[in-house]
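Data block for start.cif (mmCIF, C-alpha atoms and all ligand atoms):
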data_start
#
loop_
_atom_site.label_atom_id
_atom_site.label_comp_id
_atom_site.auth_asym_id
_atom_site.auth_seq_id
_atom_site.Cartn_x
_atom_site.Cartn_y
_atom_site.Cartn_z
CA MET A 1330 24.69 3.92 -12.57
CA TYR A 1331 22.81 3.23 -9.34
CA VAL A 1332 23.84 5.27 -6.30
CA ASP A 1333 22.77 4.53 -2.72
CA ASN A 1334 24.28 5.26 0.68
CA ASP A 1335 23.00 2.14 2.45
CA PRO A 1336 25.66 -0.62 2.58
CA ILE A 1337 22.94 -3.30 2.80
CA VAL A 1338 21.36 -2.04 -0.43
CA LEU A 1339 24.79 -2.10 -2.08
CA ALA A 1340 25.46 -5.63 -0.85
CA HIS A 1341 22.21 -6.83 -2.47
CA ALA A 1342 22.92 -4.87 -5.65
CA ARG A 1343 26.39 -6.41 -5.97
CA ALA A 1344 24.98 -9.89 -5.35
CA LEU A 1345 22.38 -9.33 -8.10
CA MET A 1346 25.04 -8.06 -10.47
CA ALA A 1347 27.19 -11.13 -9.90
CA GLY A 1348 24.64 -12.94 -12.11
CA ALA A 1349 24.43 -12.57 -15.87
CA GLY A 1350 22.42 -9.93 -17.69
CA HIS A 1351 23.20 -6.71 -15.84
CA GLY A 1352 24.77 -5.20 -18.95
CA GLU A 1353 26.49 -1.92 -18.26
CA THR A 1354 24.84 -1.35 -14.86
CA ARG A 1355 27.18 -0.31 -12.06
CA VAL A 1356 26.60 0.68 -8.45
CA LEU A 1357 28.23 3.26 -6.24
CA GLN A 1358 27.99 3.73 -2.49
CA ALA A 1359 27.67 7.48 -1.99
CA ASP A 1360 25.41 10.07 -0.45
CA LEU A 1361 23.05 12.03 -2.68
CA ARG A 1362 23.81 15.10 -0.58
CA GLU A 1363 27.34 15.10 -2.02
CA PRO A 1364 26.74 15.71 -5.74
CA GLN A 1365 30.35 16.58 -6.57
CA ARG A 1366 31.62 13.36 -4.98
CA ILE A 1367 29.22 11.43 -7.25
CA LEU A 1368 29.79 13.54 -10.36
CA THR A 1369 33.58 13.22 -10.15
CA ASP A 1370 33.66 9.52 -9.29
CA PRO A 1371 35.84 7.70 -11.86
CA ASP A 1372 33.25 4.94 -12.38
CA VAL A 1373 30.52 7.51 -13.02
CA ARG A 1374 32.73 9.45 -15.46
CA GLY A 1375 33.73 6.19 -17.14
CA LEU A 1376 30.17 4.97 -17.64
CA LEU A 1377 28.26 8.16 -18.51
CA ASP A 1378 29.08 10.53 -21.35
CA PHE A 1379 28.33 13.96 -19.89
CA GLN A 1380 28.49 15.52 -23.37
CA ARG A 1381 25.23 13.74 -24.21
CA PRO A 1382 21.78 13.86 -22.55
CA VAL A 1383 21.31 11.50 -19.62
CA ALA A 1384 18.35 10.77 -17.33
CA LEU A 1385 18.78 11.61 -13.66
CA LEU A 1386 16.36 9.34 -11.76
CA LEU A 1387 15.58 10.69 -8.30
CA VAL A 1388 12.87 8.15 -7.64
CA GLY A 1389 11.61 7.79 -4.09
CA ILE A 1390 14.65 9.47 -2.58
CA LEU A 1391 14.28 13.26 -2.28
CA HIS A 1392 11.73 12.91 0.54
CA PHE A 1393 14.63 11.47 2.58
CA ILE A 1394 16.54 14.75 2.19
CA PRO A 1395 15.29 17.33 4.72
CA ASP A 1396 15.32 21.04 3.86
CA SER A 1397 18.30 21.50 6.20
CA ASP A 1398 20.36 19.35 3.78
CA ARG A 1399 19.63 21.72 0.85
CA PRO A 1400 17.74 19.37 -1.49
CA TYR A 1401 17.11 22.11 -4.10
CA GLN A 1402 20.81 22.94 -4.29
CA VAL A 1403 21.67 19.24 -4.56
CA VAL A 1404 19.34 18.80 -7.55
CA ALA A 1405 20.58 22.03 -9.17
CA GLU A 1406 24.21 20.86 -8.86
CA PHE A 1407 23.41 17.60 -10.64
CA LEU A 1408 21.44 19.37 -13.37
CA ASP A 1409 24.25 21.91 -13.91
CA ALA A 1410 26.58 19.03 -14.77
CA LEU A 1411 24.20 17.51 -17.36
CA ALA A 1412 23.97 18.29 -21.07
CA PRO A 1413 20.92 20.05 -22.55
CA GLY A 1414 18.19 17.53 -23.35
CA SER A 1415 18.89 15.63 -20.11
CA CYS A 1416 15.86 14.68 -18.02
CA LEU A 1417 15.07 14.80 -14.32
CA VAL A 1418 12.73 11.92 -13.42
CA LEU A 1419 11.31 12.37 -9.97
CA SER A 1420 8.86 10.77 -7.60
CA HIS A 1421 8.28 12.33 -4.20
CA GLY A 1422 6.12 11.67 -1.14
CA THR A 1423 3.51 14.30 -0.32
CA GLY A 1424 1.02 15.02 2.43
CA ASP A 1425 -1.24 16.96 0.03
CA PHE A 1426 -3.95 14.30 -0.06
CA ILE A 1427 -3.89 12.80 3.42
CA ASP A 1428 -5.33 14.22 6.57
CA PRO A 1429 -2.68 16.01 8.62
CA GLN A 1430 -2.87 13.54 11.52
CA ALA A 1431 -2.24 10.54 9.25
CA GLY A 1432 0.61 12.49 7.64
CA GLN A 1433 2.14 13.20 11.03
CA ARG A 1434 1.87 9.51 11.99
CA ALA A 1435 3.84 8.60 8.85
CA VAL A 1436 6.49 11.23 9.60
CA ASP A 1437 6.71 10.00 13.23
CA ALA A 1438 7.13 6.38 12.10
CA TYR A 1439 10.00 7.31 9.77
CA ALA A 1440 11.56 9.57 12.42
CA LYS A 1441 12.54 6.44 14.35
CA SER A 1442 14.18 4.91 11.24
CA SER A 1443 17.54 5.58 9.63
CA ALA A 1444 15.78 7.70 6.97
CA PRO A 1445 13.40 10.36 8.36
CA VAL A 1446 10.91 11.49 5.72
CA THR A 1447 9.90 14.97 4.52
CA GLY A 1448 6.72 15.09 2.45
CA ARG A 1449 6.52 18.06 0.08
CA SER A 1450 3.57 19.93 -1.41
CA TYR A 1451 2.88 20.36 -5.12
CA ALA A 1452 4.53 23.80 -5.07
CA GLU A 1453 7.59 22.46 -3.26
CA VAL A 1454 7.95 19.58 -5.74
CA LEU A 1455 7.50 21.99 -8.65
CA ARG A 1456 10.48 23.97 -7.38
CA PHE A 1457 12.79 21.01 -8.19
CA PHE A 1458 11.96 21.67 -11.86
CA ASP A 1459 13.04 25.33 -11.86
CA GLY A 1460 14.49 26.12 -15.29
CA LEU A 1461 13.36 22.80 -16.79
CA GLU A 1462 10.63 22.12 -19.31
CA LEU A 1463 8.02 20.01 -17.48
CA LEU A 1464 6.87 17.22 -19.81
CA PRO A 1465 3.15 16.29 -20.06
CA PRO A 1466 1.19 15.47 -17.99
CA GLY A 1467 3.20 17.58 -15.52
CA ILE A 1468 3.27 16.80 -11.80
CA VAL A 1469 0.59 14.20 -11.03
CA THR A 1470 0.13 11.40 -8.53
CA ALA A 1471 2.30 8.53 -9.75
CA PRO A 1472 -0.45 6.29 -11.26
CA PHE A 1473 -1.51 9.23 -13.49
CA TRP A 1474 1.91 9.65 -15.14
CA ARG A 1475 1.19 8.13 -18.59
CA PRO A 1476 -0.62 5.07 -17.16
CA ASP A 1477 -0.75 1.76 -19.01
CA ALA A 1478 -4.21 1.14 -17.52
CA PRO A 1479 -6.76 3.80 -16.54
CA ALA A 1480 -5.99 5.31 -13.12
CA THR A 1481 -8.75 5.36 -10.50
CA ALA A 1482 -10.18 8.07 -8.26
CA GLU A 1483 -8.27 6.49 -5.38
CA ASP A 1484 -5.02 6.78 -7.39
CA ALA A 1485 -5.61 10.53 -7.52
CA ARG A 1486 -4.97 10.63 -3.77
CA LEU A 1487 -1.91 8.39 -3.68
CA PRO A 1488 0.61 10.38 -1.62
CA ILE A 1489 3.37 10.24 -4.23
CA TYR A 1490 3.90 12.81 -6.97
CA ALA A 1491 5.68 11.87 -10.20
CA ALA A 1492 7.01 14.13 -12.93
CA VAL A 1493 9.65 14.41 -15.65
CA GLY A 1494 11.41 17.61 -16.67
CA ARG A 1495 13.83 18.21 -19.52
CA LYS A 1496 16.78 20.58 -19.61
CA ARG A 1497 16.25 22.96 -22.50
CA ARG A 1498 18.49 22.64 -25.59
C1 LIG B 1501 12.42 4.09 -1.57
S1 LIG B 1501 14.06 3.59 -1.98
C2 LIG B 1501 14.12 3.98 -3.70
C3 LIG B 1501 15.24 3.28 -4.38
C4 LIG B 1501 15.29 3.46 -5.90
N1 LIG B 1501 15.39 4.86 -6.26
C5 LIG B 1501 14.11 2.84 -6.55
O1 LIG B 1501 13.25 3.55 -7.08
O2 LIG B 1501 14.02 1.60 -6.54
C6 LIG B 1501 15.04 4.88 -1.26
C7 LIG B 1501 16.52 4.61 -1.28
O3 LIG B 1501 17.19 5.83 -1.02
C8 LIG B 1501 18.36 5.52 -0.28
N2 LIG B 1501 18.81 6.77 0.36
C9 LIG B 1501 18.19 7.46 1.35
N3 LIG B 1501 18.89 8.58 1.64
C10 LIG B 1501 19.97 8.59 0.80
C11 LIG B 1501 21.06 9.49 0.62
N4 LIG B 1501 21.18 10.60 1.36
N5 LIG B 1501 21.98 9.21 -0.33
C12 LIG B 1501 21.87 8.08 -1.09
N6 LIG B 1501 20.86 7.19 -0.96
C13 LIG B 1501 19.91 7.44 -0.02
C14 LIG B 1501 17.93 4.44 0.67
O4 LIG B 1501 19.03 3.69 1.14
C15 LIG B 1501 16.98 3.62 -0.20
O5 LIG B 1501 17.65 2.52 -0.82
#

Can you turn what I pasted into structure tokens?
Amino acid sequence: MYVDNDPIVLAHARALMAGAGHGETRVLQADLREPQRILTDPDVRGLLDFQRPVALLLVGILHFIPDSDRPYQVVAEFLDALAPGSCLVLSHGTGDFIDPQAGQRAVDAYAKSSAPVTGRSYAEVLRFFDGLELLPPGIVTAPFWRPDAPATAEDARLPIYAAVGRKRR
């Protein structure tokens, strides 16, 4: 189940799904900041069995949710609805490795777009995993999360954290 609030993204997704081979994939136009609207959607309930573990993929999206829109509560509401053994898969922009001026330039550029960005520090990203078991290797820059090929020193400074946490059984 892919959820996005941008009608253009949904139009492309539906066009892609008009072809063969999309299996059970479905798309829903909704806002991440409204977990209950998503969790109670009939298509979501029809596709996912909430009695069994599922993976919640919040990949490249939480940095578009500013603190004023309660991102930690949003994530907690989704996790509350999931069975033990479910996983939170997350990637998140960070300013931890870039000089503050470059970070501010990135924030300024996004401020003019439809999706202003909020980078978060290691500690702030860790907070999304409250109550979860963080799977190895923990929170690392994305190329270091179980890489297929050796990651480089430069990869260590990529401004995107990645991590997976599991809800305890
Ligand atoms: C960087 S893309 C990542 C998309 C997808 N998760 C992936 O990994 O391919 C970010 C997406 O988040 C969507 N988005 C931003 N804010 C959102 C919100 N509040 N609710 C739902 N989708 C949102 C944007 O429309 C965009 O398609």

Inset, instruction - Enumerate as a ChimeraX atom specification the residues within 10 Å of ligand LIG 1501 (chain B), counting only C-alpha atoms and all ligand atoms. - result: /A:1331-1339,1357-1364,1386-1395,1398,1400,1419-1422,1443-1446

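Each of A:Ile1489, A:Ile1427, A:Leu1385, A:Leu1464 was compared to Ala1412 of chain A using all atoms listed in the file, and A:Leu1385 turns out to be the nearest.
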
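With only C-alpha atoms as the atoms that count, the minimum distance from Leu1408 of chain A to the choices A:Val1383, A:Ala1340, A:Val1373, A:Ala1435 is reached by A:Val1383.
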
Inset, instruction - Could you please give me, as a ChimeraX atom specification, the residues of protein, DNA or RNA lying at most 12 Å from (0.5, 7.3, -4.7) in the coordinate frame of the file, considering all atoms listed in the file? - result: /A:1389,1420-1427,1469-1474,1480-1491

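Of note, atom CA of Pro1479 of chain A and atom CA of Ser1450 of chain A are spaced 24.4 Å apart.
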
Legend entry - atom CA of Asp1372 of chain A to atom CA of Arg1343 of chain A, straight-line distance in Å: 14.7 Å

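With distances taken over all atoms listed in the file, A:Asp1409 is the one residue among A:Asp1477, A:Glu1353, A:Asp1370, A:Asp1409 lying closest to Asp1459 of chain A.
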
Inset, instruction - To one decimal in Å, tell me the separation between atom CA of Leu1411 of chain A and atom CA of Val1356 of chain A. - result: 19.2 Å

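Candidate residues A:Pro1465, A:Gly1348, A:Asp1437, A:Thr1447 were compared for distance to Ser1397 of chain A, and the nearest is A:Thr1447, using only C-alpha atoms.
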
Inset, instruction - Mind checking which residues fall within 7 Å of Ser1415 of chain A, counting all atoms listed in the file, ignoring those fewer than 6 positions away in the same chain, and posting them as a list in words? - result: Pro1382, Val1383, Ala1384, Arg1495 and Lys1496 of chain A

Draw an axis-aligned box over all listed atoms of segment 1446-1456 of chain A, pad each side with 8 Å, and write its centre and edge lengths in Å, one decimal, as JSON.
{"center_x": 6.9, "center_y": 17.7, "center_z": -1.5, "size_x": 24.0, "size_y": 28.5, "size_z": 30.4}
